[in-house]
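Student: Next up, query.cif (mmCIF, N, CA and C atoms).
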```cif
data_run
#
loop_
_atom_site.label_atom_id
_atom_site.label_comp_id
_atom_site.auth_asym_id
_atom_site.auth_seq_id
_atom_site.Cartn_x
_atom_site.Cartn_y
_atom_site.Cartn_z
N MET A 141 -22.30 -12.94 -5.40
CA MET A 141 -21.12 -12.78 -6.23
C MET A 141 -21.49 -13.18 -7.66
N ASP A 142 -21.12 -12.35 -8.62
CA ASP A 142 -21.36 -12.66 -10.03
C ASP A 142 -20.14 -13.36 -10.60
N PHE A 143 -20.37 -14.50 -11.22
CA PHE A 143 -19.26 -15.27 -11.77
C PHE A 143 -19.19 -15.12 -13.28
N ASP A 144 -17.96 -15.15 -13.79
CA ASP A 144 -17.69 -15.09 -15.23
C ASP A 144 -17.65 -16.53 -15.73
N ASP A 145 -18.50 -16.86 -16.70
CA ASP A 145 -18.58 -18.23 -17.23
C ASP A 145 -17.29 -18.69 -17.89
N LYS A 146 -16.43 -17.77 -18.26
CA LYS A 146 -15.20 -18.13 -18.98
C LYS A 146 -14.05 -18.52 -18.05
N ILE A 147 -14.23 -18.27 -16.74
CA ILE A 147 -13.16 -18.53 -15.76
C ILE A 147 -13.70 -19.53 -14.73
N PRO A 148 -12.90 -20.58 -14.39
CA PRO A 148 -13.38 -21.55 -13.41
C PRO A 148 -13.83 -20.86 -12.11
N ILE A 149 -14.95 -21.32 -11.58
CA ILE A 149 -15.53 -20.70 -10.40
C ILE A 149 -14.59 -20.79 -9.20
N TYR A 150 -13.94 -21.93 -9.00
CA TYR A 150 -13.04 -22.06 -7.85
C TYR A 150 -11.94 -21.00 -7.91
N TYR A 151 -11.47 -20.69 -9.12
CA TYR A 151 -10.42 -19.69 -9.29
C TYR A 151 -10.96 -18.30 -8.94
N GLN A 152 -12.19 -18.03 -9.34
CA GLN A 152 -12.80 -16.74 -9.02
C GLN A 152 -13.02 -16.60 -7.50
N ILE A 153 -13.33 -17.71 -6.86
CA ILE A 153 -13.49 -17.69 -5.40
C ILE A 153 -12.15 -17.37 -4.75
N LYS A 154 -11.10 -17.99 -5.24
CA LYS A 154 -9.76 -17.70 -4.70
C LYS A 154 -9.44 -16.21 -4.84
N GLN A 155 -9.72 -15.66 -6.01
CA GLN A 155 -9.45 -14.24 -6.24
C GLN A 155 -10.27 -13.37 -5.29
N TYR A 156 -11.50 -13.76 -5.06
CA TYR A 156 -12.38 -13.04 -4.14
C TYR A 156 -11.79 -13.07 -2.72
N ILE A 157 -11.34 -14.24 -2.29
CA ILE A 157 -10.77 -14.36 -0.94
C ILE A 157 -9.48 -13.56 -0.85
N TYR A 158 -8.66 -13.60 -1.90
CA TYR A 158 -7.45 -12.76 -1.91
C TYR A 158 -7.81 -11.31 -1.65
N GLN A 159 -8.80 -10.83 -2.38
CA GLN A 159 -9.22 -9.43 -2.25
C GLN A 159 -9.71 -9.14 -0.83
N GLU A 160 -10.51 -10.04 -0.29
CA GLU A 160 -11.03 -9.85 1.06
C GLU A 160 -9.91 -9.80 2.10
N ILE A 161 -8.87 -10.59 1.88
CA ILE A 161 -7.72 -10.57 2.79
C ILE A 161 -6.96 -9.25 2.63
N ILE A 162 -6.69 -8.86 1.40
CA ILE A 162 -5.92 -7.65 1.14
C ILE A 162 -6.59 -6.40 1.71
N VAL A 163 -7.91 -6.30 1.56
CA VAL A 163 -8.61 -5.10 2.05
C VAL A 163 -8.92 -5.17 3.54
N GLY A 164 -8.61 -6.30 4.18
CA GLY A 164 -8.77 -6.40 5.62
C GLY A 164 -10.09 -6.95 6.11
N HIS A 165 -10.95 -7.42 5.21
CA HIS A 165 -12.19 -8.04 5.66
C HIS A 165 -11.93 -9.38 6.34
N PHE A 166 -10.85 -10.04 5.93
CA PHE A 166 -10.36 -11.24 6.60
C PHE A 166 -8.93 -10.92 7.05
N PRO A 167 -8.77 -10.33 8.24
CA PRO A 167 -7.43 -9.96 8.69
C PRO A 167 -6.57 -11.18 9.06
N PRO A 168 -5.26 -10.99 9.17
CA PRO A 168 -4.37 -12.09 9.55
C PRO A 168 -4.86 -12.76 10.85
N GLY A 169 -4.89 -14.08 10.83
CA GLY A 169 -5.30 -14.84 12.00
C GLY A 169 -6.79 -15.02 12.16
N SER A 170 -7.58 -14.36 11.32
CA SER A 170 -9.04 -14.47 11.47
C SER A 170 -9.56 -15.76 10.84
N LYS A 171 -10.65 -16.22 11.41
CA LYS A 171 -11.31 -17.43 10.91
C LYS A 171 -12.21 -17.03 9.75
N ILE A 172 -12.15 -17.80 8.69
CA ILE A 172 -13.05 -17.56 7.57
C ILE A 172 -14.31 -18.42 7.78
N PRO A 173 -15.39 -18.11 7.09
CA PRO A 173 -16.61 -18.91 7.28
C PRO A 173 -16.37 -20.40 6.99
N ALA A 174 -17.17 -21.23 7.63
CA ALA A 174 -17.10 -22.68 7.39
C ALA A 174 -17.42 -22.96 5.92
N VAL A 175 -16.87 -24.05 5.41
CA VAL A 175 -17.00 -24.39 3.99
C VAL A 175 -18.45 -24.34 3.53
N ARG A 176 -19.33 -25.02 4.24
CA ARG A 176 -20.73 -25.08 3.82
C ARG A 176 -21.38 -23.69 3.85
N GLN A 177 -21.12 -22.93 4.90
CA GLN A 177 -21.71 -21.60 5.01
C GLN A 177 -21.16 -20.68 3.92
N PHE A 178 -19.85 -20.78 3.68
CA PHE A 178 -19.22 -19.96 2.64
C PHE A 178 -19.82 -20.30 1.28
N ALA A 179 -20.04 -21.59 1.02
CA ALA A 179 -20.63 -22.02 -0.25
C ALA A 179 -22.04 -21.45 -0.40
N VAL A 180 -22.81 -21.48 0.68
CA VAL A 180 -24.17 -20.91 0.65
C VAL A 180 -24.09 -19.40 0.39
N ASP A 181 -23.19 -18.73 1.11
CA ASP A 181 -23.06 -17.27 0.97
C ASP A 181 -22.72 -16.87 -0.47
N LEU A 182 -21.86 -17.66 -1.12
CA LEU A 182 -21.43 -17.33 -2.48
C LEU A 182 -22.29 -18.03 -3.54
N THR A 183 -23.25 -18.81 -3.10
CA THR A 183 -24.14 -19.61 -3.97
C THR A 183 -23.35 -20.48 -4.94
N VAL A 184 -22.46 -21.29 -4.36
CA VAL A 184 -21.67 -22.23 -5.15
C VAL A 184 -21.77 -23.61 -4.53
N ASN A 185 -21.38 -24.60 -5.30
CA ASN A 185 -21.34 -25.98 -4.84
C ASN A 185 -20.27 -26.12 -3.75
N VAL A 186 -20.56 -26.93 -2.74
CA VAL A 186 -19.61 -27.15 -1.64
C VAL A 186 -18.28 -27.69 -2.16
N ASN A 187 -18.32 -28.59 -3.15
CA ASN A 187 -17.08 -29.15 -3.69
C ASN A 187 -16.22 -28.07 -4.36
N THR A 188 -16.86 -27.12 -5.02
CA THR A 188 -16.14 -26.01 -5.64
C THR A 188 -15.48 -25.16 -4.57
N MET A 189 -16.21 -24.89 -3.51
CA MET A 189 -15.68 -24.11 -2.39
C MET A 189 -14.51 -24.83 -1.75
N GLN A 190 -14.65 -26.13 -1.56
CA GLN A 190 -13.57 -26.92 -0.95
C GLN A 190 -12.31 -26.88 -1.81
N ARG A 191 -12.47 -26.94 -3.12
CA ARG A 191 -11.31 -26.89 -4.00
C ARG A 191 -10.58 -25.56 -3.86
N ALA A 192 -11.32 -24.48 -3.83
CA ALA A 192 -10.71 -23.15 -3.69
C ALA A 192 -9.96 -23.06 -2.36
N LEU A 193 -10.60 -23.50 -1.29
CA LEU A 193 -9.97 -23.43 0.03
C LEU A 193 -8.76 -24.35 0.12
N ARG A 194 -8.87 -25.54 -0.46
CA ARG A 194 -7.73 -26.48 -0.45
C ARG A 194 -6.51 -25.85 -1.11
N GLU A 195 -6.72 -25.17 -2.24
CA GLU A 195 -5.61 -24.52 -2.93
C GLU A 195 -5.05 -23.36 -2.11
N LEU A 196 -5.91 -22.62 -1.44
CA LEU A 196 -5.44 -21.53 -0.59
C LEU A 196 -4.61 -22.06 0.59
N ILE A 197 -5.00 -23.22 1.10
CA ILE A 197 -4.24 -23.86 2.17
C ILE A 197 -2.89 -24.33 1.62
N GLN A 198 -2.89 -24.96 0.44
CA GLN A 198 -1.64 -25.41 -0.18
C GLN A 198 -0.69 -24.25 -0.44
N ASP A 199 -1.25 -23.09 -0.78
CA ASP A 199 -0.44 -21.89 -1.06
C ASP A 199 0.03 -21.19 0.21
N GLY A 200 -0.48 -21.63 1.37
CA GLY A 200 -0.08 -21.03 2.63
C GLY A 200 -0.86 -19.78 3.00
N ILE A 201 -1.85 -19.42 2.20
CA ILE A 201 -2.67 -18.23 2.47
C ILE A 201 -3.60 -18.50 3.65
N LEU A 202 -4.16 -19.71 3.67
CA LEU A 202 -5.00 -20.14 4.78
C LEU A 202 -4.30 -21.25 5.54
N VAL A 203 -4.62 -21.33 6.82
CA VAL A 203 -4.08 -22.38 7.69
C VAL A 203 -5.28 -23.14 8.25
N SER A 204 -5.27 -24.45 8.06
CA SER A 204 -6.37 -25.28 8.54
C SER A 204 -6.03 -25.79 9.94
N GLN A 205 -6.97 -25.65 10.85
CA GLN A 205 -6.80 -26.19 12.20
C GLN A 205 -7.91 -27.21 12.42
N ARG A 206 -7.51 -28.47 12.50
CA ARG A 206 -8.47 -29.56 12.62
C ARG A 206 -9.48 -29.30 13.75
N GLY A 207 -10.75 -29.38 13.38
CA GLY A 207 -11.81 -29.20 14.35
C GLY A 207 -12.17 -27.75 14.64
N LYS A 208 -11.35 -26.83 14.16
CA LYS A 208 -11.61 -25.41 14.44
C LYS A 208 -11.97 -24.62 13.19
N GLY A 209 -11.42 -25.01 12.05
CA GLY A 209 -11.73 -24.31 10.81
C GLY A 209 -10.49 -23.82 10.09
N ASN A 210 -10.70 -22.89 9.17
CA ASN A 210 -9.61 -22.32 8.37
C ASN A 210 -9.39 -20.87 8.77
N PHE A 211 -8.12 -20.51 8.86
CA PHE A 211 -7.74 -19.18 9.32
C PHE A 211 -6.78 -18.54 8.32
N VAL A 212 -6.84 -17.22 8.23
CA VAL A 212 -5.89 -16.48 7.39
C VAL A 212 -4.52 -16.57 8.06
N THR A 213 -3.51 -16.83 7.26
CA THR A 213 -2.16 -16.91 7.80
C THR A 213 -1.78 -15.60 8.50
N GLU A 214 -0.90 -15.71 9.46
CA GLU A 214 -0.36 -14.52 10.12
C GLU A 214 1.04 -14.22 9.61
N ASP A 215 1.51 -15.02 8.66
CA ASP A 215 2.85 -14.84 8.08
C ASP A 215 2.84 -13.60 7.18
N GLN A 216 3.46 -12.54 7.64
CA GLN A 216 3.44 -11.27 6.90
C GLN A 216 4.14 -11.37 5.55
N ALA A 217 5.15 -12.22 5.44
CA ALA A 217 5.85 -12.39 4.15
C ALA A 217 4.90 -12.97 3.12
N ILE A 218 4.11 -13.96 3.52
CA ILE A 218 3.14 -14.57 2.60
C ILE A 218 2.08 -13.55 2.21
N LEU A 219 1.59 -12.78 3.18
CA LEU A 219 0.55 -11.79 2.90
C LEU A 219 1.07 -10.66 2.01
N GLN A 220 2.32 -10.24 2.24
CA GLN A 220 2.91 -9.20 1.40
C GLN A 220 3.10 -9.73 -0.03
N ASN A 221 3.52 -10.97 -0.15
CA ASN A 221 3.69 -11.58 -1.47
C ASN A 221 2.34 -11.70 -2.18
N LEU A 222 1.29 -12.05 -1.44
CA LEU A 222 -0.06 -12.12 -2.01
C LEU A 222 -0.46 -10.76 -2.56
N ARG A 223 -0.26 -9.72 -1.78
CA ARG A 223 -0.62 -8.36 -2.20
C ARG A 223 0.14 -7.99 -3.48
N GLN A 224 1.43 -8.26 -3.49
CA GLN A 224 2.26 -7.93 -4.65
C GLN A 224 1.80 -8.72 -5.88
N THR A 225 1.49 -9.98 -5.71
CA THR A 225 1.04 -10.82 -6.82
C THR A 225 -0.26 -10.30 -7.41
N VAL A 226 -1.20 -9.95 -6.54
CA VAL A 226 -2.50 -9.45 -7.01
C VAL A 226 -2.32 -8.13 -7.76
N VAL A 227 -1.51 -7.23 -7.21
CA VAL A 227 -1.27 -5.94 -7.86
C VAL A 227 -0.59 -6.15 -9.21
N GLU A 228 0.42 -7.02 -9.25
CA GLU A 228 1.13 -7.27 -10.51
C GLU A 228 0.21 -7.86 -11.56
N LYS A 229 -0.72 -8.70 -11.14
CA LYS A 229 -1.67 -9.28 -12.10
C LYS A 229 -2.54 -8.18 -12.71
N GLN A 230 -3.02 -7.28 -11.86
CA GLN A 230 -3.84 -6.17 -12.35
C GLN A 230 -3.03 -5.27 -13.29
N LEU A 231 -1.80 -4.99 -12.90
CA LEU A 231 -0.94 -4.15 -13.74
C LEU A 231 -0.63 -4.84 -15.07
N SER A 232 -0.45 -6.14 -15.04
CA SER A 232 -0.17 -6.89 -16.26
C SER A 232 -1.33 -6.79 -17.24
N GLN A 233 -2.54 -6.93 -16.72
CA GLN A 233 -3.73 -6.81 -17.58
C GLN A 233 -3.85 -5.41 -18.16
N LEU A 234 -3.59 -4.40 -17.34
CA LEU A 234 -3.64 -3.02 -17.81
C LEU A 234 -2.56 -2.77 -18.87
N TYR A 235 -1.36 -3.25 -18.60
CA TYR A 235 -0.24 -3.08 -19.52
C TYR A 235 -0.57 -3.71 -20.88
N ASP A 236 -1.04 -4.95 -20.85
CA ASP A 236 -1.38 -5.64 -22.10
C ASP A 236 -2.47 -4.91 -22.87
N HIS A 237 -3.47 -4.42 -22.14
CA HIS A 237 -4.57 -3.69 -22.78
C HIS A 237 -4.06 -2.40 -23.43
N LEU A 238 -3.22 -1.68 -22.72
CA LEU A 238 -2.70 -0.42 -23.27
C LEU A 238 -1.76 -0.67 -24.46
N LEU A 239 -1.00 -1.75 -24.41
CA LEU A 239 -0.15 -2.08 -25.56
C LEU A 239 -0.99 -2.34 -26.80
N LYS A 240 -2.13 -3.00 -26.61
CA LYS A 240 -3.03 -3.25 -27.74
C LYS A 240 -3.55 -1.94 -28.33
N LEU A 241 -3.60 -0.92 -27.49
CA LEU A 241 -4.02 0.41 -27.95
C LEU A 241 -2.85 1.21 -28.52
N GLN A 242 -1.71 0.54 -28.63
CA GLN A 242 -0.48 1.12 -29.15
C GLN A 242 0.03 2.29 -28.29
N ILE A 243 -0.15 2.15 -27.00
CA ILE A 243 0.39 3.11 -26.04
C ILE A 243 1.75 2.56 -25.59
N GLU A 244 2.78 3.37 -25.74
CA GLU A 244 4.13 2.95 -25.36
C GLU A 244 4.31 3.01 -23.84
N PRO A 245 5.22 2.20 -23.29
CA PRO A 245 5.41 2.16 -21.83
C PRO A 245 5.66 3.53 -21.19
N ASP A 246 6.48 4.38 -21.80
CA ASP A 246 6.74 5.70 -21.22
C ASP A 246 5.45 6.53 -21.17
N GLU A 247 4.65 6.38 -22.19
CA GLU A 247 3.37 7.09 -22.26
C GLU A 247 2.42 6.56 -21.17
N MET A 248 2.48 5.24 -20.93
CA MET A 248 1.65 4.64 -19.89
C MET A 248 1.95 5.26 -18.54
N VAL A 249 3.23 5.43 -18.26
CA VAL A 249 3.65 6.00 -16.98
C VAL A 249 3.10 7.42 -16.85
N THR A 250 3.18 8.19 -17.93
CA THR A 250 2.67 9.56 -17.92
C THR A 250 1.16 9.57 -17.65
N TYR A 251 0.43 8.73 -18.38
CA TYR A 251 -1.02 8.66 -18.19
C TYR A 251 -1.38 8.22 -16.76
N LEU A 252 -0.68 7.22 -16.26
CA LEU A 252 -0.97 6.73 -14.92
C LEU A 252 -0.68 7.80 -13.87
N SER A 253 0.44 8.48 -14.01
CA SER A 253 0.78 9.55 -13.07
C SER A 253 -0.28 10.65 -13.08
N ARG A 254 -0.71 11.04 -14.26
CA ARG A 254 -1.75 12.07 -14.36
C ARG A 254 -3.06 11.58 -13.74
N TYR A 255 -3.39 10.33 -14.02
CA TYR A 255 -4.63 9.77 -13.50
C TYR A 255 -4.61 9.75 -11.97
N ILE A 256 -3.50 9.31 -11.39
CA ILE A 256 -3.38 9.25 -9.93
C ILE A 256 -3.50 10.65 -9.34
N ALA A 257 -2.83 11.63 -9.94
CA ALA A 257 -2.90 13.01 -9.45
C ALA A 257 -4.33 13.54 -9.51
N LYS A 258 -5.02 13.26 -10.61
CA LYS A 258 -6.40 13.71 -10.76
C LYS A 258 -7.30 13.06 -9.71
N ARG A 259 -7.13 11.76 -9.50
CA ARG A 259 -7.95 11.06 -8.50
C ARG A 259 -7.70 11.61 -7.10
N LYS A 260 -6.45 11.89 -6.79
CA LYS A 260 -6.13 12.46 -5.48
C LYS A 260 -6.80 13.82 -5.32
N ASP A 261 -6.73 14.64 -6.36
CA ASP A 261 -7.38 15.96 -6.32
C ASP A 261 -8.88 15.81 -6.13
N ASP A 262 -9.49 14.90 -6.91
CA ASP A 262 -10.94 14.68 -6.81
C ASP A 262 -11.34 14.21 -5.40
N GLU A 263 -10.55 13.30 -4.84
CA GLU A 263 -10.85 12.78 -3.50
C GLU A 263 -10.67 13.87 -2.45
N HIS A 264 -9.65 14.72 -2.64
CA HIS A 264 -9.42 15.82 -1.71
C HIS A 264 -10.59 16.80 -1.76
N GLU A 265 -11.06 17.10 -2.97
CA GLU A 265 -12.20 18.02 -3.12
C GLU A 265 -13.45 17.44 -2.45
N LYS A 266 -13.68 16.14 -2.62
CA LYS A 266 -14.85 15.51 -2.00
C LYS A 266 -14.76 15.56 -0.49
N SER A 267 -13.56 15.34 0.04
CA SER A 267 -13.41 15.32 1.50
C SER A 267 -13.55 16.72 2.10
N THR A 268 -13.23 17.75 1.35
CA THR A 268 -13.35 19.11 1.88
C THR A 268 -14.75 19.68 1.70
N GLU A 269 -15.58 19.04 0.87
CA GLU A 269 -16.97 19.48 0.66
C GLU A 269 -17.84 19.18 1.88
N HIS A 270 -17.49 18.15 2.62
CA HIS A 270 -18.35 17.71 3.73
C HIS A 270 -17.94 18.36 4.98
#
```
Could you write out this file's structure as structure tokens?
Tutor:
Amino acid sequence: MDFDDKIPIYYQIKQYIYQEIIVGHFPPGSKIPAVRQFAVDLTVNVNTMQRALRELIQDGILVSQRGKGNFVTEDQAILQNLRQTVVEKQLSQLYDHLLKLQIEPDEMVTYLSRYIAKRKDDEHEKSTEH
């Protein structure tokens, strides 16, 4: 994993785990790697990994089971809220960037709609080529 020096590593780890949960690499109820192994896998300090996991547990994203490890919550409301939060953060960054380019909100919607339609067409063409 490549880390951005401008953002705390524990925060980047949290974002990484969010993404892994959202895309299904860590499905609801699944056990995540042990702290030490996860730290080795991501090449980070164990204390940094522990901080990220502690915050995920406090947020209800992970559930700690003494002696067994940490598991992704099975609470669908929490997982849906996580997905919405992550998407809104991405949209917020895009919105702010486009505003800096002096693109008005109505124009943003038009551009996004066109972009989505184009991507769907491109993906459809790729799937029919094979």
Student: Out of chain A, which residues get strand (DSSP E or B) from DSSP, as a PDB file with N, CA and C atoms, in the coordinates of the input?
Tutor:
```pdb
ATOM      1  N   LYS A 171     -10.650 -16.220  11.410  1.00  0.00           N
ATOM      2  CA  LYS A 171     -11.310 -17.430  10.910  1.00  0.00           C
ATOM      3  C   LYS A 171     -12.210 -17.030   9.750  1.00  0.00           C
ATOM      4  N   LEU A 202      -4.160 -19.710   3.670  1.00  0.00           N
ATOM      5  CA  LEU A 202      -5.000 -20.140   4.780  1.00  0.00           C
ATOM      6  C   LEU A 202      -4.300 -21.250   5.540  1.00  0.00           C
ATOM      7  N   VAL A 203      -4.620 -21.330   6.820  1.00  0.00           N
ATOM      8  CA  VAL A 203      -4.080 -22.380   7.690  1.00  0.00           C
ATOM      9  C   VAL A 203      -5.280 -23.140   8.250  1.00  0.00           C
ATOM     10  N   SER A 204      -5.270 -24.450   8.060  1.00  0.00           N
ATOM     11  CA  SER A 204      -6.370 -25.280   8.540  1.00  0.00           C
ATOM     12  C   SER A 204      -6.030 -25.790   9.940  1.00  0.00           C
ATOM     13  N   GLN A 205      -6.970 -25.650  10.850  1.00  0.00           N
ATOM     14  CA  GLN A 205      -6.800 -26.190  12.200  1.00  0.00           C
ATOM     15  C   GLN A 205      -7.910 -27.210  12.420  1.00  0.00           C
ATOM     16  N   GLY A 209     -11.420 -25.010  12.050  1.00  0.00           N
ATOM     17  CA  GLY A 209     -11.730 -24.310  10.810  1.00  0.00           C
ATOM     18  C   GLY A 209     -10.490 -23.820  10.090  1.00  0.00           C
ATOM     19  N   ASN A 210     -10.700 -22.890   9.170  1.00  0.00           N
ATOM     20  CA  ASN A 210      -9.610 -22.320   8.370  1.00  0.00           C
ATOM     21  C   ASN A 210      -9.390 -20.870   8.770  1.00  0.00           C
ATOM     22  N   PHE A 211      -8.120 -20.510   8.860  1.00  0.00           N
ATOM     23  CA  PHE A 211      -7.740 -19.180   9.320  1.00  0.00           C
ATOM     24  C   PHE A 211      -6.780 -18.540   8.320  1.00  0.00           C
ATOM     25  N   VAL A 212      -6.840 -17.220   8.230  1.00  0.00           N
ATOM     26  CA  VAL A 212      -5.890 -16.480   7.390  1.00  0.00           C
ATOM     27  C   VAL A 212      -4.520 -16.570   8.060  1.00  0.00           C
TER      28      VAL A 212
END
```
Student: Residues picked by the PyMOL selection byres (((chain A and resi 200 and name CA) around 9) and name CA) here, as a list in words?
Tutor: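 Applied to this file, the PyMOL selection byres (((chain A and resi 200 and name CA) around 9) and name CA) selects Glu195, Leu196, Ile197, Gln198, Asp199, Ile201, Leu202, Val203, Val212, Thr213, Asp215 and Ile218 of chain A.
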Student: Run the PyMOL selection byres (((chain A and resi 178-189 and name CA) around 10) and name CA) against the file shown and list the residues it catches, as a list in words.
Tutor: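 Checked against the file, the PyMOL selection byres (((chain A and resi 178-189 and name CA) around 10) and name CA) matches Met141, Asp142, Phe143, Pro148, Ile149, Tyr150, Tyr151, Ile153, Lys154, Ile172, Pro173, Ala174, Val175, Arg176, Gln177, Gln190, Arg191, Ala192, Leu193 and Arg194 of chain A.
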Student: List every residue of stretch 205-264 of chain A that DSSP, applied to the backbone, labels as alpha helix (DSSP H), and write the result as a PyMOL selection string.
Tutor: chain A and resi 216-240+245-264
Student: Find the distance between atom CA of A:Leu234 and atom CA of A:Gln216 and write it in Å to one decimal.
Tutor: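 Those two atoms sit 27.0 Å apart.
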Student: Tell me which of A:Pro245, A:Arg259, A:Phe166, A:Lys171 sits closest to A:Gly209, counting all atoms listed in the file.
Tutor: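 Of A:Pro245, A:Arg259, A:Phe166, A:Lys171, the one nearest A:Gly209, counting all atoms listed in the file, is A:Lys171.
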Student: So, with only C-alpha atoms as the atoms that count, which of A:Ser170, A:Gly207, A:Val226, A:Glu269 lies closest to A:Gln155?
Tutor: A:Val226
Student: Just give me the gap between atom CA of A:Ile161 and atom CA of A:Asn221 in Å, one decimal is fine.
Tutor: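 Atom-to-atom, atom CA of A:Ile161 and atom CA of A:Asn221 are spaced 12.2 Å apart.
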Student: Give the answer as one residue: which of A:Leu238, A:Val163, A:Leu252, A:Leu231 has the shortest atom-to-atom distance to A:Leu219, using only C-alpha atoms?
Tutor: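 So, comparing all the options, the nearest one is A:Val163.
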